[in-house]
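Peer 1: Dropping in data06.tsv, with TSV, C-alpha atoms.
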```tsv
chain	number	residue	atom	x	y	z
J	1378	MET	CA	112.52	24.99	4.66
J	1379	THR	CA	112.58	23.31	8.04
J	1380	ARG	CA	113.82	25.07	11.13
J	1381	HIS	CA	116.50	22.37	11.52
J	1382	ARG	CA	117.95	23.10	8.07
J	1383	ILE	CA	117.98	26.86	8.68
J	1384	ARG	CA	119.92	26.26	11.89
J	1385	TRP	CA	122.53	24.25	10.02
J	1386	ILE	CA	122.93	26.91	7.34
J	1387	ALA	CA	123.23	29.66	9.97
J	1388	LEU	CA	125.80	27.58	11.86
J	1389	THR	CA	127.83	27.01	8.68
J	1390	VAL	CA	127.80	30.72	7.80
J	1391	ALA	CA	128.78	31.61	11.38
J	1392	PHE	CA	131.61	29.07	11.27
J	1393	VAL	CA	132.97	30.50	8.00
J	1394	LEU	CA	132.80	34.05	9.40
J	1395	VAL	CA	134.57	33.05	12.61
J	1396	ALA	CA	137.26	31.20	10.62
J	1397	PHE	CA	137.73	34.29	8.46
J	1398	GLY	CA	138.04	36.46	11.58
J	1399	VAL	CA	140.63	34.12	13.07
J	1400	VAL	CA	142.66	34.24	9.86
J	1401	LEU	CA	142.52	38.05	9.81
J	1402	ALA	CA	143.55	38.19	13.47
J	1403	VAL	CA	146.51	35.91	12.80
J	1404	GLN	CA	147.49	37.94	9.73
J	1405	HIS	CA	147.32	41.27	11.61
J	1406	ARG	CA	150.80	42.55	12.24
J	1407	THR	CA	152.02	45.30	14.48
J	1408	GLU	CA	154.63	47.70	13.22
J	1409	PRO	CA	158.04	46.27	14.08
J	1410	SER	CA	160.60	48.40	15.86
J	1411	VAL	CA	163.58	46.23	14.95
J	1412	PRO	CA	164.76	45.87	11.32
J	1413	ARG	CA	164.37	42.43	9.77
J	1414	LEU	CA	168.11	42.25	9.17
J	1415	VAL	CA	168.69	42.66	12.92
J	1416	GLN	CA	165.85	40.30	13.86
J	1417	ALA	CA	167.52	37.59	11.78
J	1418	HIS	CA	171.05	38.69	12.75
J	1419	ASP	CA	172.03	38.27	9.13
J	1420	PRO	CA	175.39	39.38	7.76
J	1421	ALA	CA	175.36	43.09	6.97
J	1422	PRO	CA	175.12	43.81	3.26
J	1423	THR	CA	178.13	45.17	1.44
J	1424	PHE	CA	178.10	48.73	0.19
J	1425	SER	CA	180.38	50.97	-1.79
J	1426	LEU	CA	179.46	54.65	-1.56
J	1427	THR	CA	181.05	58.07	-1.80
J	1428	SER	CA	181.05	60.53	1.07
J	1429	ILE	CA	180.00	64.15	0.69
J	1430	ALA	CA	183.73	64.92	0.94
J	1431	GLY	CA	184.29	62.72	-2.13
J	1432	LYS	CA	186.01	59.90	-0.24
J	1433	PRO	CA	185.04	56.22	-0.62
J	1434	VAL	CA	182.90	54.73	2.14
J	1435	THR	CA	182.88	50.95	1.80
J	1436	SER	CA	181.85	48.06	3.97
J	1437	ALA	CA	185.12	46.36	3.02
J	1438	ALA	CA	187.09	49.10	4.78
J	1439	LEU	CA	185.06	48.49	7.97
J	1440	LYS	CA	185.67	44.75	8.08
J	1441	GLY	CA	186.62	43.49	11.54
J	1442	LYS	CA	185.38	46.66	13.26
J	1443	THR	CA	182.23	47.27	15.23
J	1444	TYR	CA	180.46	49.94	13.25
J	1445	VAL	CA	177.25	51.92	13.31
J	1446	VAL	CA	175.27	52.62	10.15
J	1447	ASN	CA	172.67	55.37	10.44
J	1448	PHE	CA	170.22	56.01	7.57
J	1449	TRP	CA	168.87	59.55	7.58
J	1450	ASN	CA	167.76	62.59	5.58
J	1451	SER	CA	168.28	66.27	6.33
J	1452	TRP	CA	164.52	66.98	5.98
J	1453	CYS	CA	163.56	64.25	8.46
J	1454	ILE	CA	162.52	65.73	11.83
J	1455	PRO	CA	163.15	62.55	13.92
J	1456	CYS	CA	166.63	62.37	12.30
J	1457	ARG	CA	167.30	65.93	13.43
J	1458	GLN	CA	166.06	65.09	16.93
J	1459	GLU	CA	168.36	62.06	17.02
J	1460	GLU	CA	171.42	63.92	15.77
J	1461	PRO	CA	172.66	65.25	19.22
J	1462	VAL	CA	172.62	61.67	20.56
J	1463	LEU	CA	174.67	60.44	17.61
J	1464	LYS	CA	177.06	63.38	18.00
J	1465	SER	CA	177.78	62.65	21.69
J	1466	PHE	CA	178.09	58.94	20.96
J	1467	TYR	CA	180.56	59.54	18.12
J	1468	ALA	CA	182.57	61.99	20.25
J	1469	ALA	CA	182.90	59.32	22.95
J	1470	HIS	CA	184.05	56.54	20.63
J	1471	HIS	CA	185.55	57.97	17.44
J	1472	ALA	CA	189.07	57.49	18.79
J	1473	ASP	CA	188.51	53.77	19.45
J	1474	ALA	CA	190.50	51.71	16.97
J	1475	ASP	CA	187.81	49.07	16.59
J	1476	PHE	CA	184.97	51.54	16.07
J	1477	ALA	CA	183.51	53.32	13.04
J	1478	MET	CA	180.31	55.15	12.22
J	1479	VAL	CA	178.72	55.95	8.87
J	1480	GLY	CA	175.72	58.06	7.99
J	1481	ILE	CA	173.94	57.11	4.77
J	1482	VAL	CA	171.57	59.60	3.17
J	1483	ARG	CA	168.45	57.74	2.05
J	1484	ASP	CA	166.60	60.15	-0.17
J	1485	ASP	CA	167.82	63.71	-0.20
J	1486	GLU	CA	169.51	66.34	-2.33
J	1487	PRO	CA	173.27	66.96	-1.94
J	1488	SER	CA	172.94	70.67	-1.25
J	1489	PRO	CA	170.72	70.58	1.88
J	1490	VAL	CA	172.69	67.61	3.21
J	1491	ARG	CA	176.01	69.47	2.87
J	1492	THR	CA	174.52	72.57	4.47
J	1493	TYR	CA	173.10	70.56	7.39
J	1494	VAL	CA	176.33	68.63	7.97
J	1495	ALA	CA	178.39	71.83	7.97
J	1496	ALA	CA	175.95	73.73	10.17
J	1497	ASN	CA	175.84	70.95	12.77
J	1498	ALA	CA	179.53	70.03	12.60
J	1499	ILE	CA	178.82	66.36	11.98
J	1500	GLY	CA	182.15	64.56	12.17
J	1501	TRP	CA	181.37	61.03	10.99
J	1502	PRO	CA	181.44	60.19	7.27
J	1503	ILE	CA	178.17	60.95	5.50
J	1504	ALA	CA	177.62	59.16	2.20
J	1505	PHE	CA	174.98	59.36	-0.51
J	1506	ASP	CA	173.17	56.29	-1.76
J	1507	PRO	CA	172.03	57.62	-5.15
J	1508	GLN	CA	170.67	54.35	-6.50
J	1509	GLY	CA	169.36	53.19	-3.13
J	1510	ARG	CA	171.41	50.00	-3.28
J	1511	ALA	CA	172.67	50.26	0.32
J	1512	GLY	CA	169.15	50.99	1.55
J	1513	LEU	CA	167.85	48.02	-0.40
J	1514	GLY	CA	170.56	45.76	1.03
J	1515	PHE	CA	169.69	46.76	4.59
J	1516	GLY	CA	165.97	46.61	3.77
J	1517	THR	CA	165.28	50.12	5.03
J	1518	THR	CA	161.66	51.13	5.33
J	1519	GLY	CA	162.06	54.68	6.59
J	1520	GLN	CA	164.34	57.05	8.48
J	1521	PRO	CA	166.10	57.22	10.79
J	1522	GLU	CA	167.25	53.61	10.99
J	1523	THR	CA	170.33	52.55	12.92
J	1524	TYR	CA	172.29	49.32	12.69
J	1525	VAL	CA	175.20	48.17	14.82
J	1526	ILE	CA	177.37	45.66	13.01
J	1527	GLY	CA	179.62	43.38	15.04
J	1528	PRO	CA	183.26	42.52	14.21
J	1529	SER	CA	182.08	39.29	12.54
J	1530	GLY	CA	179.94	41.33	10.13
J	1531	VAL	CA	176.62	40.31	11.62
J	1532	ALA	CA	173.82	42.84	12.17
J	1533	ALA	CA	173.89	42.62	15.96
J	1534	CYS	CA	171.51	45.37	17.07
J	1535	GLY	CA	169.46	48.17	15.63
J	1536	SER	CA	166.18	49.99	15.48
J	1537	LEU	CA	163.65	51.62	13.22
J	1538	GLY	CA	163.20	55.19	14.40
J	1539	PRO	CA	165.30	57.45	16.62
J	1540	VAL	CA	167.73	55.81	18.99
J	1541	GLY	CA	168.62	56.84	22.56
J	1542	ALA	CA	172.10	57.35	24.05
J	1543	ALA	CA	171.87	54.51	26.59
J	1544	GLU	CA	170.50	52.18	23.94
J	1545	LEU	CA	173.39	52.94	21.56
J	1546	GLU	CA	175.99	52.37	24.30
J	1547	ALA	CA	174.40	49.05	25.24
J	1548	TRP	CA	174.28	47.93	21.60
J	1549	LEU	CA	177.91	48.85	21.05
J	1550	SER	CA	179.03	46.87	24.05
J	1551	VAL	CA	176.97	43.81	23.01
J	1552	ALA	CA	178.24	43.94	19.41
J	1553	ARG	CA	181.86	44.48	20.46
J	1554	SER	CA	181.77	41.35	22.57
J	1555	GLY	CA	180.52	39.35	19.57
J	1556	GLY	CA	176.97	39.13	20.91
J	1557	VAL	CA	173.65	40.10	19.44
J	1558	CYS	CA	170.65	41.91	20.87
J	1559	ALA	CA	167.68	39.77	21.84
F	503	MET	CA	117.97	15.38	-35.62
F	504	ARG	CA	121.40	14.95	-37.24
F	505	LYS	CA	121.51	18.63	-38.22
F	506	TRP	CA	121.04	19.61	-34.58
F	507	TRP	CA	123.93	17.35	-33.54
F	508	VAL	CA	126.26	18.96	-36.13
F	509	ALA	CA	125.27	22.45	-34.98
F	510	TRP	CA	126.09	21.62	-31.36
F	511	VAL	CA	129.51	20.19	-32.33
F	512	ALA	CA	130.24	23.29	-34.44
F	513	LEU	CA	129.31	25.51	-31.48
F	514	ALA	CA	131.56	23.51	-29.15
F	515	VAL	CA	134.47	23.78	-31.62
F	516	ILE	CA	134.00	27.55	-31.83
F	517	VAL	CA	133.89	27.93	-28.03
F	518	VAL	CA	136.99	25.76	-27.46
F	519	GLY	CA	138.86	27.50	-30.30
F	520	ALA	CA	138.03	30.95	-28.93
F	521	GLY	CA	139.18	29.84	-25.48
F	522	VAL	CA	142.50	28.57	-26.82
F	523	VAL	CA	143.11	31.81	-28.75
F	524	LEU	CA	142.23	33.86	-25.64
F	525	VAL	CA	144.57	31.88	-23.41
F	526	ALA	CA	147.39	32.03	-25.98
F	527	ARG	CA	147.01	35.79	-26.40
F	528	SER	CA	146.80	36.52	-22.69
F	529	SER	CA	149.85	34.44	-21.73
F	530	PRO	CA	152.48	36.76	-20.21
F	531	SER	CA	155.44	37.87	-22.28
F	532	ASP	CA	158.87	36.59	-21.23
F	533	SER	CA	160.84	39.58	-22.51
F	534	PRO	CA	163.10	41.11	-19.81
F	535	SER	CA	161.26	44.44	-19.83
F	536	ALA	CA	157.85	42.73	-19.59
F	537	ARG	CA	159.09	40.56	-16.72
F	538	ALA	CA	160.54	43.59	-14.92
F	539	ALA	CA	157.26	45.49	-15.33
F	540	ARG	CA	155.23	42.51	-14.15
F	541	LEU	CA	157.42	41.88	-11.08
F	542	SER	CA	157.39	45.59	-10.20
F	543	SER	CA	153.60	45.57	-10.22
F	544	GLU	CA	153.49	42.41	-8.08
F	545	LEU	CA	155.67	43.88	-5.31
F	546	ALA	CA	154.48	46.38	-2.72
F	547	CYS	CA	156.48	49.54	-2.19
F	548	PRO	CA	158.04	48.87	1.23
F	549	VAL	CA	157.67	52.46	2.47
F	550	CYS	CA	154.27	53.33	0.95
F	551	THR	CA	150.68	52.40	1.73
F	552	GLY	CA	148.89	50.40	-0.94
F	553	GLU	CA	151.25	51.29	-3.79
F	554	SER	CA	153.18	48.88	-5.93
F	555	VAL	CA	156.87	49.28	-6.70
F	556	ALA	CA	155.84	50.06	-10.28
F	557	ASP	CA	153.58	52.95	-9.22
F	558	SER	CA	155.75	54.42	-6.48
F	559	ASN	CA	158.51	56.97	-6.85
F	560	ALA	CA	159.99	56.35	-3.38
F	561	SER	CA	163.74	55.80	-3.32
F	562	GLU	CA	163.22	52.17	-2.20
F	563	SER	CA	160.93	51.51	-5.15
F	564	ARG	CA	163.36	53.09	-7.59
F	565	ALA	CA	166.13	50.93	-6.14
F	566	ILE	CA	163.98	47.80	-6.37
F	567	ARG	CA	163.06	48.51	-10.01
F	568	LEU	CA	166.74	48.86	-10.85
F	569	ASP	CA	167.61	45.77	-8.85
F	570	ILE	CA	164.90	43.71	-10.60
F	571	GLU	CA	166.38	44.59	-14.00
F	572	GLN	CA	169.84	43.60	-12.79
F	573	ARG	CA	168.59	40.32	-11.33
F	574	ILE	CA	166.81	39.48	-14.60
F	575	GLY	CA	170.05	40.30	-16.42
F	576	LYS	CA	171.86	37.82	-14.16
F	577	GLY	CA	169.39	35.11	-15.20
F	578	GLN	CA	167.34	34.85	-12.00
F	579	SER	CA	163.83	33.44	-12.30
F	580	ASP	CA	160.72	35.37	-11.24
F	581	ALA	CA	160.37	33.11	-8.19
F	582	GLN	CA	164.00	33.72	-7.17
F	583	ILE	CA	163.51	37.47	-7.49
F	584	ARG	CA	160.30	37.42	-5.45
F	585	ASP	CA	161.99	35.28	-2.79
F	586	ALA	CA	164.88	37.75	-2.57
F	587	TYR	CA	162.50	40.59	-1.67
F	588	VAL	CA	160.54	38.41	0.74
F	589	ALA	CA	163.86	37.69	2.49
F	590	ILE	CA	164.58	41.43	2.76
F	591	TYR	CA	161.15	42.85	3.58
F	592	GLY	CA	158.97	39.89	4.55
F	593	GLU	CA	155.93	38.21	3.02
F	594	HIS	CA	153.88	41.44	2.98
F	595	VAL	CA	156.04	42.78	0.13
F	596	LEU	CA	154.04	40.47	-2.17
F	597	LEU	CA	150.85	42.15	-3.43
F	598	THR	CA	149.40	38.81	-4.48
F	599	PRO	CA	149.27	36.15	-1.78
F	600	SER	CA	151.66	33.23	-2.05
F	601	ASN	CA	150.50	29.75	-3.01
F	602	GLY	CA	151.46	28.29	0.34
F	603	GLY	CA	150.65	28.80	4.01
F	604	LEU	CA	147.94	31.34	4.79
F	605	GLY	CA	147.99	32.42	1.14
F	606	VAL	CA	146.02	29.25	0.37
F	607	ILE	CA	143.14	30.67	2.41
F	608	ALA	CA	143.18	33.91	0.44
F	609	TRP	CA	142.98	31.95	-2.82
F	610	GLY	CA	140.64	29.28	-1.47
F	611	LEU	CA	137.99	31.43	0.24
F	612	PRO	CA	136.56	32.99	-2.96
F	613	VAL	CA	136.45	29.54	-4.58
F	614	LEU	CA	134.71	28.13	-1.50
F	615	ALA	CA	132.23	31.03	-1.55
F	616	LEU	CA	131.53	30.40	-5.25
F	617	VAL	CA	130.98	26.68	-4.69
F	618	LEU	CA	128.73	27.30	-1.69
F	619	GLY	CA	126.79	29.96	-3.60
F	620	ALA	CA	126.33	27.71	-6.65
F	621	GLY	CA	125.28	24.86	-4.37
F	622	GLY	CA	122.78	27.11	-2.63
F	623	ILE	CA	121.28	28.28	-5.93
F	624	ALA	CA	121.06	24.70	-7.22
F	625	PHE	CA	119.39	23.60	-3.99
F	626	ALA	CA	116.90	26.47	-4.14
F	627	ILE	CA	116.00	25.76	-7.81
F	628	ARG	CA	115.56	22.05	-7.15
F	629	ARG	CA	113.43	22.67	-4.12
F	630	GLY	CA	111.35	25.27	-5.97
F	631	SER	CA	110.63	22.91	-8.86
F	632	ARG	CA	109.40	20.19	-6.47
F	633	THR	CA	107.26	22.28	-4.15
F	634	PRO	CA	104.04	23.77	-5.56
F	635	ARG	CA	104.04	27.55	-5.39
F	636	LEU	CA	100.63	27.66	-3.69
F	637	ALA	CA	99.30	25.01	-1.40
F	638	ALA	CA	95.55	24.75	-0.81
F	639	THR	CA	94.54	25.55	2.73
F	640	ALA	CA	91.90	23.63	4.62
F	641	ALA	CA	89.48	26.50	3.97
F	642	ASP	CA	90.15	26.25	0.19
F	643	VAL	CA	89.52	22.52	0.19
F	644	GLU	CA	86.34	22.98	2.16
F	645	LEU	CA	85.12	25.69	-0.26
F	646	VAL	CA	85.76	23.47	-3.28
F	647	GLU	CA	84.05	20.52	-1.65
F	648	ARG	CA	81.08	22.66	-0.76
F	649	GLU	CA	80.77	23.95	-4.34
F	650	ARG	CA	81.03	20.44	-5.75
F	651	ALA	CA	78.39	19.22	-3.38
F	652	SER	CA	76.03	22.02	-4.41
F	653	HIS	CA	76.48	21.25	-8.15
F	654	PRO	CA	76.68	17.44	-8.40
F	655	ASP	CA	75.93	17.37	-12.15
F	656	GLU	CA	78.83	19.69	-13.05
F	657	ALA	CA	81.15	17.78	-10.76
F	658	GLU	CA	80.39	14.57	-12.60
F	659	LEU	CA	81.07	16.24	-15.98
F	660	ALA	CA	84.43	17.55	-14.76
```
As structure tokens, what does this structure read like?

Peer 2:
Amino acid sequence: MTRHRIRWIALTVAFVLVAFGVVLAVQHRTEPSVPRLVQAHDPAPTFSLTSIAGKPVTSAALKGKTYVVNFWNSWCIPCRQEEPVLKSFYAAHHADADFAMVGIVRDDEPSPVRTYVAANAIGWPIAFDPQGRAGLGFGTTGQPETYVIGPSGVAACGSLGPVGAAELEAWLSVARSGGVCA
Amino acid sequence: MRKWWVAWVALAVIVVGAGVVLVARSSPSDSPSARAARLSSELACPVCTGESVADSNASESRAIRLDIEQRIGKGQSDAQIRDAYVAIYGEHVLLTPSNGGLGVIAWGLPVLALVLGAGGIAFAIRRGSRTPRLAATAADVELVERERASHPDEAELA
């Protein structure tokens, strides 16, 4: 085999390897911090759930309001860390006529959830999602996840993971004005 | 000669027939439960690592399995169902790459590697059959010439 031919074969193999590396680099994805629903600013999915108090919690009843949906579990440590922020936020806004907040339990047993809610005096409605339909609609991939839905029903802002107080306030004000987060 | 021809045709018929039977038997079932099972195994559990919806017991996977059955009940096609989950979770929810976009590379690279490999083997065989395995060196030629010269009678006989 001539040296010229070996060079061509080596070059071809190198080219294929480089092309493969480029494809892998393009395919590599970093973990997103914003839910897909919020990235696309799609309409929030409908849900019809029952709260731990036995009352209906439906998206239809929240129509026209700016509302916060928080997916959580009682066993989830980041959810527990986030809970004081949610509590202060709810205390500041629960009296607003155009505001609502719902906690949806992703994957937990009723008993520990009830115990946790009572022990921490959580005031906003907490609902179970036994068949995971609400989680599927929102496309949840973990907990906690928080969505702020604007009056038009669009997923305006949100995050995967715990949310901060300033962030929540900013999201509420953007969503209330009919805007969406960048 | 004719007997050989008949034997080859018979062999070809057997091979083609076996292939047809194999393809017919391995074609996927269209029953709702078979479709649900197949789709569940084609989708990645959105909250797991390397597990399909069929294998996972995460709440999302349970919800997706239930949702797949309901979508099949509503008459949605496999493609419509896959697209629905891609819209919710993104392209990475598909365990098998799509037929478009970058998915073409995932399907095409093994084929390209096979073609290149087969080409390389064919080239090597062809080259090997043309080139003698051992080539006489100048020293070999000289040795033979010297021997011939020292035995002229035998050289003439050869």

Peer 1: Output, as JSON, the centre and edge lengths in Å (one decimal) of the axis-aligned box that contains all listed atoms of range 1459-1467 of chain J with 4 Å of margin on each side.

Peer 2:
```
{"center_x": 174.5, "center_y": 62.1, "center_z": 18.7, "size_x": 20.2, "size_y": 14.3, "size_z": 13.9}
```

Peer 1: Provide the CA of Ala1552 in chain J to CA of Ala1532 in chain J distance in Å, to one decimal place.

Peer 2: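 One can read the CA of Ala1552 in chain J to CA of Ala1532 in chain J distance as 8.6 Å.
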
Peer 1: Specify as number ranges by chain all residues of chain F found within 8 Å of chain J, counting all atoms listed in the file.

Peer 2: F: 548-549, 561-562, 564-566, 569, 590-592, 604

Peer 1: Could you please take those selected residues and save C-alpha atoms as an mmCIF file, in the coordinates of the input?

Peer 2:
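Output (selection.cif):
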```cif
data_model
loop_
_atom_site.group_PDB
_atom_site.id
_atom_site.type_symbol
_atom_site.label_atom_id
_atom_site.label_comp_id
_atom_site.auth_asym_id
_atom_site.auth_seq_id
_atom_site.Cartn_x
_atom_site.Cartn_y
_atom_site.Cartn_z
ATOM 1 C CA PRO F 548 158.040 48.870 1.230
ATOM 2 C CA VAL F 549 157.670 52.460 2.470
ATOM 3 C CA SER F 561 163.740 55.800 -3.320
ATOM 4 C CA GLU F 562 163.220 52.170 -2.200
ATOM 5 C CA ARG F 564 163.360 53.090 -7.590
ATOM 6 C CA ALA F 565 166.130 50.930 -6.140
ATOM 7 C CA ILE F 566 163.980 47.800 -6.370
ATOM 8 C CA ASP F 569 167.610 45.770 -8.850
ATOM 9 C CA ILE F 590 164.580 41.430 2.760
ATOM 10 C CA TYR F 591 161.150 42.850 3.580
ATOM 11 C CA GLY F 592 158.970 39.890 4.550
ATOM 12 C CA LEU F 604 147.940 31.340 4.790
#
```

Peer 1: Quick one: pull the distance between CA of Glu1522 in chain J and CA of Leu541 in chain F, Å, one decimal.

Peer 2: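 These two atoms are separated by 26.9 Å.
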
Peer 1: Could you tell me how far CA of Ala620 in chain F lies from CA of Ala608 in chain F, in Å and to one decimal?

Peer 2: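 That distance, rounded to one decimal, is 19.3 Å.
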
Peer 1: Need to verify the contact set: Ile574 in chain F, 10 Å, all atoms listed in the file, exclusion of same-chain residues closer than 2 positions in sequence. Can you return it as a PyMOL selection string?

Peer 2: chain F and resi 533-535+537-538+569-572+576-580+582-583

Peer 1: Using all atoms listed in the file, find the one residue out of F:Leu545, F:Leu614, F:Ala514, F:Val508 that sits nearest to Pro599 in chain F.

Peer 2: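 Selected residue with least distance to Pro599 in chain F: F:Leu545.
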
Peer 1: If you count all atoms listed in the file, which residues fall within 6 Å of range 1434-1448 of chain J, apart from same-chain ones fewer than 4 positions away, as a ChimeraX atom specification?

Peer 2: /J:1423-1427,1475-1482,1521-1528,1553

Peer 1: Dump as a list in words all residues having an atom at most 8 Å from (154.5, 47.2, -8.1), computed in the file's coordinates with all atoms listed in the file.

Peer 2: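 Using all atoms listed in the file, the matching residues come out as Ala539, Arg540, Leu541, Ser542, Ser543, Glu544, Leu545, Ala546, Cys547, Glu553, Ser554, Val555, Ala556, Asp557, Ser558 and Leu597 of chain F.
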